[in-house]
file coords_30.tsv (TSV, C-alpha atoms)
chain	number	residue	atom	x	y	z
B	1	MET	CA	98.97	91.61	101.57
B	2	VAL	CA	98.18	88.85	104.03
B	3	VAL	CA	97.36	85.42	102.66
B	4	ASN	CA	94.70	83.87	104.87
B	5	THR	CA	95.45	80.16	104.95
B	6	ARG	CA	91.84	79.34	105.78
B	7	GLU	CA	90.63	81.10	102.64
B	8	PHE	CA	93.68	80.21	100.56
B	9	GLY	CA	93.76	83.50	98.69
B	10	GLN	CA	95.56	83.38	95.36
B	11	PRO	CA	97.08	86.22	93.32
B	12	GLU	CA	94.64	87.36	90.65
B	13	ASP	CA	97.22	88.54	88.14
B	14	ARG	CA	100.89	88.67	87.38
B	15	ARG	CA	103.04	91.59	88.41
B	16	MET	CA	103.81	94.34	85.95
B	17	PRO	CA	107.53	94.86	85.28
B	18	THR	CA	109.12	97.56	87.41
B	19	THR	CA	110.53	99.12	84.22
B	20	THR	CA	107.12	100.73	83.63
B	21	LEU	CA	105.58	103.49	85.71
B	22	GLU	CA	102.52	101.38	86.55
B	23	GLY	CA	104.65	98.38	87.50
B	24	TRP	CA	107.00	100.50	89.59
B	25	ARG	CA	104.14	102.08	91.52
B	26	ARG	CA	102.62	98.68	92.23
B	27	PHE	CA	106.01	97.49	93.48
B	28	VAL	CA	106.25	100.50	95.81
B	29	ASP	CA	102.66	100.09	97.06
B	30	GLU	CA	102.73	96.36	97.74
B	31	ASP	CA	103.52	95.06	101.20
B	32	PRO	CA	105.38	91.74	101.58
B	33	ILE	CA	103.17	88.66	101.60
B	34	ALA	CA	102.56	87.08	105.00
B	35	PHE	CA	101.62	83.43	105.38
B	36	ASP	CA	100.17	81.59	108.37
B	37	LEU	CA	101.52	78.04	108.42
B	38	LEU	CA	98.94	75.45	109.39
B	39	PRO	CA	99.82	72.83	112.01
B	40	GLU	CA	100.48	69.46	110.41
B	41	ASP	CA	97.35	67.90	111.91
B	42	GLU	CA	95.12	70.62	110.45
B	43	TRP	CA	96.86	70.33	107.09
B	44	LYS	CA	96.22	66.58	107.00
B	45	ASP	CA	92.54	67.16	107.82
B	46	LEU	CA	92.03	69.31	104.74
B	47	ASP	CA	90.08	67.84	101.85
B	48	PRO	CA	92.13	67.32	98.64
B	49	ARG	CA	90.91	70.52	96.97
B	50	SER	CA	91.56	72.72	100.01
B	51	ARG	CA	94.97	71.12	100.54
B	52	ASN	CA	95.91	71.83	96.93
B	53	GLU	CA	94.82	75.47	97.29
B	54	TYR	CA	96.76	75.75	100.53
B	55	ASP	CA	99.90	74.29	98.94
B	56	GLU	CA	99.58	76.69	95.99
B	57	ALA	CA	99.33	79.62	98.41
B	58	ARG	CA	102.41	78.37	100.23
B	59	VAL	CA	104.35	78.11	96.95
B	60	ASN	CA	103.32	81.67	96.10
B	61	TYR	CA	104.64	82.82	99.45
B	62	HIS	CA	108.02	81.16	98.90
B	63	SER	CA	108.24	82.46	95.32
B	64	GLU	CA	107.82	85.96	96.72
B	65	LEU	CA	111.42	85.77	97.98
B	66	VAL	CA	110.89	88.11	100.90
B	67	ILE	CA	113.79	90.53	101.08
B	68	VAL	CA	116.12	90.44	104.05
B	69	GLU	CA	117.80	93.74	104.87
B	70	THR	CA	121.43	92.70	104.62
B	71	PRO	CA	124.37	94.99	105.48
B	72	THR	CA	124.83	95.63	101.74
B	73	ILE	CA	121.25	96.76	101.29
B	74	ARG	CA	121.51	98.97	104.38
B	75	ASP	CA	124.71	100.51	103.01
B	76	VAL	CA	123.14	101.22	99.61
B	77	LEU	CA	120.10	102.77	101.31
B	78	HIS	CA	122.34	104.92	103.51
B	79	GLN	CA	124.66	106.08	100.71
B	80	GLY	CA	121.77	106.69	98.33
B	81	ARG	CA	119.97	108.75	100.95
B	82	LEU	CA	123.06	110.87	101.53
B	83	LEU	CA	123.48	111.47	97.79
B	84	THR	CA	119.89	112.56	97.29
B	85	LEU	CA	120.29	115.03	100.15
B	86	VAL	CA	123.59	116.36	98.76
B	87	ASN	CA	122.15	116.67	95.25
B	88	ARG	CA	118.99	118.43	96.39
B	89	ARG	CA	120.49	121.93	96.12
B	90	GLU	CA	123.13	121.17	93.50
B	91	ILE	CA	123.00	123.32	90.35
B	92	SER	CA	125.83	121.69	88.38
B	93	ALA	CA	126.85	118.05	88.01
B	94	ARG	CA	125.07	115.71	90.40
B	95	ARG	CA	126.85	112.99	92.31
B	96	GLY	CA	126.05	109.44	91.28
B	97	LEU	CA	126.37	106.03	92.87
B	98	ILE	CA	127.60	102.83	91.23
B	99	VAL	CA	126.58	99.52	92.76
B	100	SER	CA	129.12	96.95	91.60
B	101	GLY	CA	129.68	93.30	92.41
B	102	PRO	CA	129.58	89.70	91.15
B	103	TRP	CA	126.57	88.28	89.36
B	104	ALA	CA	123.50	87.42	91.46
B	105	THR	CA	124.65	89.22	94.60
B	106	GLY	CA	121.56	91.42	94.96
B	107	LYS	CA	122.61	94.62	93.17
B	108	SER	CA	119.25	95.11	91.45
B	109	THR	CA	117.42	94.24	94.66
B	110	ALA	CA	119.39	96.86	96.60
B	111	MET	CA	118.70	99.46	93.90
B	112	LYS	CA	114.98	98.81	93.95
B	113	GLN	CA	114.87	99.00	97.73
B	114	LEU	CA	116.65	102.37	97.56
B	115	GLY	CA	114.09	103.61	95.03
B	116	ARG	CA	111.15	102.28	97.02
B	117	ALA	CA	112.37	103.84	100.27
B	118	HIS	CA	112.93	107.18	98.54
B	119	GLU	CA	109.51	107.22	96.87
B	120	LEU	CA	107.71	106.35	100.10
B	121	ARG	CA	109.60	109.15	101.82
B	122	VAL	CA	108.62	111.63	99.11
B	123	ARG	CA	104.97	110.57	99.28
B	124	GLN	CA	105.02	111.18	103.01
B	125	ARG	CA	106.50	114.67	102.55
B	126	PHE	CA	104.15	115.63	99.70
B	127	PRO	CA	100.83	113.79	100.18
B	128	GLY	CA	98.37	114.16	97.34
B	129	HIS	CA	100.97	115.49	94.87
B	130	GLU	CA	101.17	113.81	91.47
B	131	ARG	CA	104.92	113.24	91.31
B	132	ILE	CA	107.28	110.74	89.70
B	133	PRO	CA	110.09	110.82	92.28
B	134	VAL	CA	111.85	107.69	91.00
B	135	VAL	CA	112.53	106.24	87.55
B	136	TYR	CA	113.84	102.68	87.16
B	137	VAL	CA	115.10	101.39	83.81
B	138	SER	CA	117.36	98.58	82.63
B	139	ALA	CA	119.91	99.25	79.91
B	140	PRO	CA	119.39	96.98	76.87
B	141	PRO	CA	122.19	94.61	75.76
B	142	ASN	CA	124.68	96.34	73.45
B	143	GLY	CA	122.52	99.40	73.91
B	144	SER	CA	123.06	102.73	72.21
B	145	PRO	CA	122.17	106.05	73.85
B	146	ARG	CA	119.01	106.10	71.71
B	147	LYS	CA	117.98	102.70	73.02
B	148	LEU	CA	118.57	103.87	76.58
B	149	ALA	CA	116.52	107.00	75.94
B	150	THR	CA	113.79	104.76	74.56
B	151	ARG	CA	113.76	102.78	77.82
B	152	PHE	CA	113.04	106.00	79.73
B	153	ALA	CA	110.24	106.85	77.30
B	154	HIS	CA	108.83	103.35	77.73
B	155	PHE	CA	108.85	103.74	81.52
B	156	LEU	CA	106.79	106.92	81.17
B	157	GLY	CA	104.48	105.47	78.52
B	158	LEU	CA	105.46	107.99	75.85
B	159	PRO	CA	104.47	107.13	72.27
B	160	MET	CA	107.50	106.45	70.09
B	161	LYS	CA	107.96	106.87	66.35
B	162	ALA	CA	110.81	105.68	64.14
B	163	ARG	CA	111.69	109.21	63.05
B	164	HIS	CA	112.41	110.34	66.60
B	165	ASN	CA	116.14	110.57	67.27
B	166	GLU	CA	117.78	110.28	70.69
B	167	MET	CA	117.64	114.02	71.37
B	168	ASP	CA	113.93	114.21	70.53
B	169	ILE	CA	113.28	111.38	72.97
B	170	ALA	CA	115.61	112.78	75.62
B	171	ASP	CA	114.04	116.25	75.46
B	172	ALA	CA	110.54	114.82	75.90
B	173	VAL	CA	111.66	112.59	78.78
B	174	CYS	CA	113.56	115.34	80.59
B	175	GLU	CA	110.66	117.77	80.26
B	176	ILE	CA	108.28	115.30	81.88
B	177	LEU	CA	110.72	114.29	84.63
B	178	THR	CA	111.42	117.93	85.47
B	179	ASP	CA	107.71	118.76	85.66
B	180	ALA	CA	107.09	115.61	87.73
B	181	HIS	CA	109.82	116.54	90.25
B	182	CYS	CA	111.86	113.40	89.63
B	183	ASP	CA	114.96	113.32	91.82
B	184	LEU	CA	116.21	109.73	91.65
B	185	VAL	CA	117.07	107.85	88.45
B	186	LEU	CA	118.04	104.19	88.70
B	187	VAL	CA	119.75	102.59	85.70
B	188	ASP	CA	120.32	98.85	85.96
B	189	GLU	CA	122.83	96.91	83.80
B	190	ILE	CA	124.53	100.13	82.71
B	191	HIS	CA	127.56	98.16	81.50
B	192	ASN	CA	125.42	97.22	78.48
B	193	ILE	CA	125.69	100.74	77.06
B	194	ASN	CA	128.01	101.04	74.07
B	195	MET	CA	129.78	104.35	74.61
B	196	ALA	CA	131.32	104.26	71.12
B	197	THR	CA	128.02	104.87	69.34
B	198	SER	CA	127.27	108.43	70.43
B	199	THR	CA	127.55	110.97	73.20
B	200	LEU	CA	125.20	110.17	76.05
B	201	TRP	CA	122.49	112.74	76.63
B	202	HIS	CA	121.72	114.22	79.99
B	203	CYS	CA	119.04	116.36	81.55
B	204	SER	CA	118.85	118.70	84.49
B	205	THR	CA	116.99	116.26	86.72
B	206	PRO	CA	118.94	115.51	89.93
B	207	SER	CA	119.82	111.86	89.82
B	208	ALA	CA	121.57	109.03	91.54
B	209	VAL	CA	122.49	106.34	89.06
B	210	CYS	CA	122.65	102.84	90.53
B	211	PRO	CA	123.63	100.46	87.75
B	212	GLY	CA	124.47	96.78	87.70
B	213	THR	CA	127.95	95.36	87.33
B	214	PRO	CA	130.07	97.82	85.30
B	215	ALA	CA	132.13	96.75	82.32
B	216	THR	CA	135.56	95.28	82.98
B	217	GLY	CA	138.06	97.98	83.80
B	218	SER	CA	135.48	100.62	84.63
call {"tool": "encode", "arguments": {"input": "coords_30.tsv", "output": "C-alpha coordinates"}}
result
Amino acid sequence: MVVNTREFGQPEDRRMPTTTLEGWRRFVDEDPIAFDLLPEDEWKDLDPRSRNEYDEARVNYHSELVIVETPTIRDVLHQGRLLTLVNRREISARRGLIVSGPWATGKSTAMKQLGRAHELRVRQRFPGHERIPVVYVSAPPNGSPRKLATRFAHFLGLPMKARHNEMDIADAVCEILTDAHCDLVLVDEIHNINMATSTLWHCSTPSAVCPGTPATGS
(Lines of atoms letter the chains of each structure in order from A and count residues from 1; the text may use other names and numbers.)
(Lines give C-alpha, C1' and ligand atoms only; values in the text may rest on other atoms or scores of the structure.)
Protein backbone atom coordinates (compact mmCIF):
# COMPACT_ATOMS: atom_id res chain seq x y z
CA MET A 1 0.00 0.00 0.00
CA VAL A 2 1.38 3.39 -0.96
CA VAL A 3 0.63 6.33 1.31
CA ASN A 4 0.13 9.40 -0.87
CA THR A 5 1.52 12.31 1.13
CA ARG A 6 -0.68 14.77 -0.75
CA GLU A 7 -3.82 12.91 0.31
CA PHE A 8 -2.44 11.81 3.67
CA GLY A 9 -4.13 8.43 3.62
CA GLN A 10 -4.63 6.86 7.04
CA PRO A 11 -5.19 3.21 7.96
CA GLU A 12 -8.90 2.53 8.40
CA ASP A 13 -8.57 -0.27 10.93
CA ARG A 14 -6.14 -2.15 13.09
CA ARG A 15 -4.44 -5.30 11.92
CA MET A 16 -5.82 -8.67 12.87
CA PRO A 17 -3.39 -10.88 14.81
CA THR A 18 -1.45 -13.30 12.65
CA THR A 19 -2.51 -16.12 14.99
CA THR A 20 -5.86 -16.23 13.18
CA LEU A 21 -6.42 -17.38 9.62
CA GLU A 22 -7.92 -14.04 8.59
CA GLY A 23 -5.08 -12.10 10.19
CA TRP A 24 -2.45 -14.35 8.67
CA ARG A 25 -3.89 -13.98 5.18
CA ARG A 26 -3.99 -10.20 5.52
CA PHE A 27 -0.35 -10.27 6.63
CA VAL A 28 0.58 -12.33 3.56
CA ASP A 29 -1.44 -10.12 1.19
CA GLU A 30 -0.23 -6.74 2.42
CA ASP A 31 2.67 -5.01 0.72
CA PRO A 32 5.03 -2.83 2.80
CA ILE A 33 3.92 0.77 3.22
CA ALA A 34 5.74 3.32 1.07
CA PHE A 35 5.97 6.98 2.04
CA ASP A 36 6.94 10.00 -0.05
CA LEU A 37 8.75 12.51 2.15
CA LEU A 38 7.81 16.10 1.46
CA PRO A 39 10.56 18.71 1.05
CA GLU A 40 10.83 20.90 4.13
CA ASP A 41 9.55 23.99 2.30
CA GLU A 42 6.40 22.18 1.17
CA TRP A 43 5.87 20.77 4.65
CA LYS A 44 6.07 24.26 6.16
CA ASP A 45 3.54 25.55 3.63
CA LEU A 46 0.91 23.06 4.76
CA ASP A 47 -2.01 24.37 6.78
CA PRO A 48 -2.16 23.08 10.40
CA ARG A 49 -4.74 20.38 9.66
CA SER A 50 -2.91 19.03 6.61
CA ARG A 51 0.41 19.12 8.46
CA ASN A 52 -1.10 17.11 11.32
CA GLU A 53 -2.48 14.53 8.88
CA TYR A 54 0.87 14.35 7.13
CA ASP A 55 2.73 13.84 10.42
CA GLU A 56 0.27 11.11 11.44
CA ALA A 57 0.88 9.34 8.12
CA ARG A 58 4.62 9.61 8.68
CA VAL A 59 4.29 8.12 12.18
CA ASN A 60 2.26 5.25 10.72
CA TYR A 61 5.02 4.61 8.22
CA HIS A 62 7.70 4.46 10.91
CA SER A 63 5.53 2.26 13.16
CA GLU A 64 5.30 -0.20 10.28
CA LEU A 65 8.90 -1.22 11.01
CA VAL A 66 9.72 -2.21 7.46
CA ILE A 67 11.61 -5.49 7.50
CA VAL A 68 15.19 -5.58 6.30
CA GLU A 69 16.32 -8.92 4.90
CA THR A 70 19.25 -9.64 7.20
CA PRO A 71 21.60 -12.62 6.79
CA THR A 72 19.66 -14.39 9.58
CA ILE A 73 16.34 -13.97 7.79
CA ARG A 74 17.90 -15.14 4.52
CA ASP A 75 19.31 -18.20 6.29
CA VAL A 76 15.95 -19.08 7.87
CA LEU A 77 14.23 -18.67 4.49
CA HIS A 78 16.84 -20.88 2.81
CA GLN A 79 16.81 -23.62 5.46
CA GLY A 80 13.02 -23.57 5.71
CA ARG A 81 12.70 -23.87 1.95
CA LEU A 82 15.04 -26.86 1.91
CA LEU A 83 13.08 -28.58 4.68
CA THR A 84 9.73 -28.13 2.96
CA LEU A 85 11.22 -29.66 -0.19
CA VAL A 86 12.73 -32.58 1.72
CA ASN A 87 9.50 -33.20 3.63
CA ARG A 88 7.31 -33.06 0.53
CA ARG A 89 7.62 -36.80 -0.20
CA GLU A 90 8.34 -37.97 3.34
CA ILE A 91 5.96 -40.64 4.70
CA SER A 92 7.38 -40.97 8.23
CA ALA A 93 8.71 -38.36 10.65
CA ARG A 94 9.17 -34.93 9.09
CA ARG A 95 12.24 -32.81 9.69
CA GLY A 96 11.73 -29.69 11.76
CA LEU A 97 13.60 -26.45 12.26
CA ILE A 98 14.26 -24.65 15.54
CA VAL A 99 15.02 -20.94 15.44
CA SER A 100 16.87 -20.12 18.65
CA GLY A 101 18.53 -16.98 19.97
CA PRO A 102 18.44 -14.18 22.54
CA TRP A 103 15.32 -12.16 23.22
CA ALA A 104 14.29 -9.54 20.64
CA THR A 105 16.66 -10.73 17.92
CA GLY A 106 13.99 -11.22 15.25
CA LYS A 107 13.13 -14.91 15.61
CA SER A 108 9.38 -14.38 15.20
CA THR A 109 9.98 -11.98 12.32
CA ALA A 110 12.13 -14.55 10.52
CA MET A 111 9.49 -17.24 11.07
CA LYS A 112 6.72 -15.09 9.67
CA GLN A 113 8.80 -14.17 6.63
CA LEU A 114 9.41 -17.88 6.01
CA GLY A 115 5.68 -18.56 6.23
CA ARG A 116 4.78 -15.62 4.01
CA ALA A 117 7.32 -16.60 1.34
CA HIS A 118 6.07 -20.19 1.37
CA GLU A 119 2.40 -19.23 1.11
CA LEU A 120 3.04 -16.83 -1.77
CA ARG A 121 4.96 -19.59 -3.54
CA VAL A 122 2.10 -22.05 -3.04
CA ARG A 123 -0.46 -19.54 -4.31
CA GLN A 124 1.63 -19.07 -7.44
CA ARG A 125 1.82 -22.83 -8.03
CA PHE A 126 -1.88 -23.45 -7.34
CA PRO A 127 -3.84 -20.32 -8.34
CA GLY A 128 -7.51 -20.38 -7.43
CA HIS A 129 -7.17 -23.30 -4.99
CA GLU A 130 -8.65 -22.86 -1.52
CA ARG A 131 -5.67 -24.00 0.53
CA ILE A 132 -4.24 -23.28 3.98
CA PRO A 133 -0.55 -23.84 3.22
CA VAL A 134 0.73 -22.23 6.43
CA VAL A 135 -0.44 -22.21 10.06
CA TYR A 136 1.08 -19.80 12.58
CA VAL A 137 0.39 -20.13 16.31
CA SER A 138 2.06 -18.99 19.51
CA ALA A 139 2.34 -21.39 22.43
CA PRO A 140 0.63 -20.04 25.57
CA PRO A 141 2.68 -19.48 28.77
CA ASN A 142 2.94 -22.66 30.85
CA GLY A 143 0.88 -24.26 28.12
CA SER A 144 -0.36 -27.83 28.13
CA PRO A 145 -0.77 -29.87 24.95
CA ARG A 146 -4.52 -29.16 25.15
CA LYS A 147 -3.89 -25.43 25.26
CA LEU A 148 -1.59 -25.71 22.25
CA ALA A 149 -4.20 -27.73 20.38
CA THR A 150 -6.70 -25.01 21.25
CA ARG A 151 -4.43 -22.40 19.65
CA PHE A 152 -4.54 -24.36 16.38
CA ALA A 153 -8.33 -24.56 16.60
CA HIS A 154 -8.48 -20.82 17.26
CA PHE A 155 -6.34 -20.14 14.18
CA LEU A 156 -8.81 -22.10 12.06
CA GLY A 157 -11.88 -20.59 13.73
CA LEU A 158 -13.17 -23.91 15.05
CA PRO A 159 -15.85 -23.73 17.75
CA MET A 160 -14.60 -25.02 21.09
CA LYS A 161 -16.50 -26.60 23.97
CA ALA A 162 -15.30 -27.39 27.48
CA ARG A 163 -15.96 -31.10 27.08
CA HIS A 164 -13.55 -31.41 24.16
CA ASN A 165 -10.27 -33.02 25.20
CA GLU A 166 -6.93 -32.52 23.46
CA MET A 167 -7.41 -35.50 21.14
CA ASP A 168 -10.86 -34.33 20.05
CA ILE A 169 -9.37 -30.94 19.18
CA ALA A 170 -6.28 -32.42 17.55
CA ASP A 171 -8.31 -34.79 15.38
CA ALA A 172 -10.52 -31.96 14.13
CA VAL A 173 -7.52 -29.71 13.46
CA CYS A 174 -5.53 -32.40 11.64
CA GLU A 175 -8.49 -33.36 9.48
CA ILE A 176 -8.92 -29.78 8.32
CA LEU A 177 -5.20 -29.19 7.77
CA THR A 178 -4.90 -32.40 5.75
CA ASP A 179 -7.88 -31.49 3.57
CA ALA A 180 -6.52 -27.94 3.16
CA HIS A 181 -3.10 -29.22 2.02
CA CYS A 182 -1.21 -27.54 4.85
CA ASP A 183 2.52 -28.19 4.60
CA LEU A 184 4.14 -25.66 6.94
CA VAL A 185 3.34 -25.28 10.64
CA LEU A 186 4.98 -22.46 12.58
CA VAL A 187 4.91 -22.62 16.39
CA ASP A 188 6.27 -19.56 18.16
CA GLU A 189 7.39 -19.55 21.83
CA ILE A 190 7.43 -23.34 21.95
CA HIS A 191 9.52 -23.26 25.13
CA ASN A 192 6.27 -22.37 26.93
CA ILE A 193 4.94 -25.90 26.50
CA ASN A 194 4.97 -27.96 29.70
CA MET A 195 6.01 -31.42 28.55
CA ALA A 196 5.20 -32.95 31.96
CA THR A 197 1.44 -32.57 31.56
CA SER A 198 0.76 -35.03 28.75
CA THR A 199 2.09 -36.58 25.57
CA LEU A 200 2.05 -34.12 22.71
CA TRP A 201 -0.27 -35.02 19.87
CA HIS A 202 0.78 -35.06 16.27
CA CYS A 203 -0.86 -35.35 12.89
CA SER A 204 0.23 -36.49 9.46
CA THR A 205 0.55 -32.98 8.06
CA PRO A 206 4.11 -32.28 6.81
CA SER A 207 5.48 -29.53 8.97
CA ALA A 208 8.44 -27.37 9.74
CA VAL A 209 8.26 -26.11 13.30
CA CYS A 210 9.95 -22.75 13.85
CA PRO A 211 9.60 -21.87 17.52
CA GLY A 212 10.97 -19.06 19.63
CA THR A 213 13.79 -19.42 22.13
CA PRO A 214 13.78 -22.99 23.50
CA ALA A 215 13.88 -23.75 27.20
CA THR A 216 17.27 -23.76 28.90
CA GLY A 217 19.16 -26.93 28.15
CA SER A 218 17.09 -27.88 25.14
call {"tool": "closest_residue", "arguments": {"input": "coords_30.tsv", "among": "B:Arg146, B:Lys112, B:Arg15, B:His181", "to": "Ile73 of chain B", "atoms": "all atoms listed in the file"}}
result
B:Lys112
call {"tool": "atom_distance", "arguments": {"input": "coords_30.tsv", "atom1": "atom CA of Ala170 of chain B", "atom2": "atom CA of Ala149 of chain B"}}
result
5.9 Å
call {"tool": "closest_residue", "arguments": {"input": "coords_30.tsv", "among": "B:Phe155, B:Met167, B:Arg74, B:Gly96", "to": "Met16 of chain B", "atoms": "only C-alpha atoms"}}
result
B:Phe155
call {"tool": "atom_distance", "arguments": {"input": "coords_30.tsv", "atom1": "atom CA of Arg95 of chain B", "atom2": "atom CA of Gly80 of chain B"}}
result
10.1 Å
call {"tool": "residues_around", "arguments": {"input": "coords_30.tsv", "residues": "segment 124-131 of chain B", "least_positions_apart": "2", "cutoff": "8 Å", "atoms": "all atoms listed in the file", "output": "list in words"}}
result
Leu120, Arg121, Val122, Pro133, Ala180, His181 and Cys182 of chain B
call {"tool": "atom_distance", "arguments": {"input": "coords_30.tsv", "atom1": "atom CA of Thr105 of chain B", "atom2": "atom CA of Asp36 of chain B"}}
result
29.1 Å
call {"tool": "closest_residue", "arguments": {"input": "coords_30.tsv", "among": "B:Phe35, B:Ala117, B:Leu83, B:Thr72", "to": "Gly101 of chain B", "atoms": "all atoms listed in the file"}}
result
B:Thr72
call {"tool": "residues_near_point", "arguments": {"input": "coords_30.tsv", "point": "(122.2, 99.9, 101.8)", "cutoff": "12 Å", "atoms": "all atoms listed in the file", "output": "PyMOL selection string"}}
result
chain B and resi 68-82+97+99+106-115+117+210
call {"tool": "residues_near_point", "arguments": {"input": "coords_30.tsv", "point": "(112.0, 102.3, 72.2)", "cutoff": "12 Å", "atoms": "all atoms listed in the file", "output": "list in words"}}
result
Ala139, Pro140, Gly143, Ser144, Pro145, Arg146, Lys147, Leu148, Ala149, Thr150, Arg151, Phe152, Ala153, His154, Phe155, Leu156, Gly157, Leu158, Pro159, Met160, Lys161, Ala162, Arg163, His164, Asn165, Glu166, Ile169 and Ala170 of chain B
call {"tool": "closest_residue", "arguments": {"input": "coords_30.tsv", "among": "B:Ile176, B:Ile190, B:Leu37, B:Leu184", "to": "Asn87 of chain B", "atoms": "only C-alpha atoms"}}
result
B:Leu184
call {"tool": "closest_residue", "arguments": {"input": "coords_30.tsv", "among": "B:Asp188, B:Asp47, B:Glu42, B:Glu90", "to": "Tyr136 of chain B", "atoms": "all atoms listed in the file"}}
result
B:Asp188
call {"tool": "closest_residue", "arguments": {"input": "coords_30.tsv", "among": "B:Val137, B:Leu38, B:Ile67, B:Val187", "to": "Trp24 of chain B", "atoms": "only C-alpha atoms"}}
result
B:Val137
